[in-house]
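Structure first, then comments.
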Amino acid sequence: MRDPYEVLGVAKNASEAEIKKAFRTLAKKHHPDTKGGDVAAKKRFQEISAAHDIIGDKEKRAKFDAGQIDAQGNPKGFDPRAHGFGQGSGSGGGGGPGDFHFTWAGRGDQPGAGSGGEGFRPEDLFADLFGSRGRRAQPQRGQDFEVQTTVSFEEAAGGGTRRVVLPNGEQIDVRIPAGLKDGQSIRLKGRGGAGRSGGPPGDVLIHVTVAPHPYFTRDERDLKIDLPVTLKEAVLGGKVPVRTLSGTVTLSIPPGANSGKVLRLKGKGIPGAGQERTGDLYVRLIVTLPDGDDADLKAFAQRWRNDYNPRT
């Protein structure tokens, strides 16, 4: 994967605001919704989201800048192929945007992975198999696997199914619940490493990052969006299209609407889950003047005699 700074087109000393602005600009340009589902656009959008997942996060950015992790979020020097892990995600690609990054979690079943930092010792293997001094080995729970991934804003909002590759090479389909929040984790009971001596299997813990959306922001189950409107629409009112998660709908603008006025579209937010309500979409109007020198508009303003002061 390319350097995330290069992917977003920002300098290594860029501020958080500059990184966020670069991501939103590129995400709007390459979002699959605006490209008719084009495969190349989807791949580019995944690359942009994966880059933002690294340098848009303070902790990950610090580790990347210090050379502790690579552009995929893996510890430097970690090679999945060297450990026999499968490459790529359910899409079949290897090492590209959208792939899943693996870390080991558990009780030291792997070389150098002991909770106390101790390496694997051959005598431990024989002790597990035959028991110390001939005693029968005790059942041991299997290893827990941890997987990190980034999903799109729409996927987190509406739910879906994602195929992931575990550190042992197994591919499984994971259900993404509707309304998933950024930073939440999904635990799959009993899908981790096999137990030993009759012990139960471990779990799989999937840590999910939700990529920001180029237009929507989220407040619990409600969504917010800024909608540019013309001066004529603000003064006289009218009907204008506005995008929602489920498609474009028509919004009625009341006459005399000021810039900053917020209108609500009921039930157009994040879908409800269980006892939780479906959220609403809050649309903030932004009155936008035309680009360039509009002679008619300038002449109208000069003839207008209402010298009101909006700052008082």
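Just remember, in the structure tokens the first chain shown is A, the second B, etc., residues are 1-based per chain, and ligands are 1-based in the order shown.
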
Just want the 8 Å neighbourhood of Val204 (chain A), counted on only C-alpha atoms, with same-chain residues fewer than 6 positions away dropped. Output as a PyMOL selection string.
chain A and resi 144-147+187-192

Surrounding residues of region 37-48 of chain A excluding itself and chain neighbours under 2 positions, 12 Å, only C-alpha atoms, as a ChimeraX atom specification:
/A:1-9,19-20,22-35,50-56,71-72,91,93,95-99,149-153,210-214
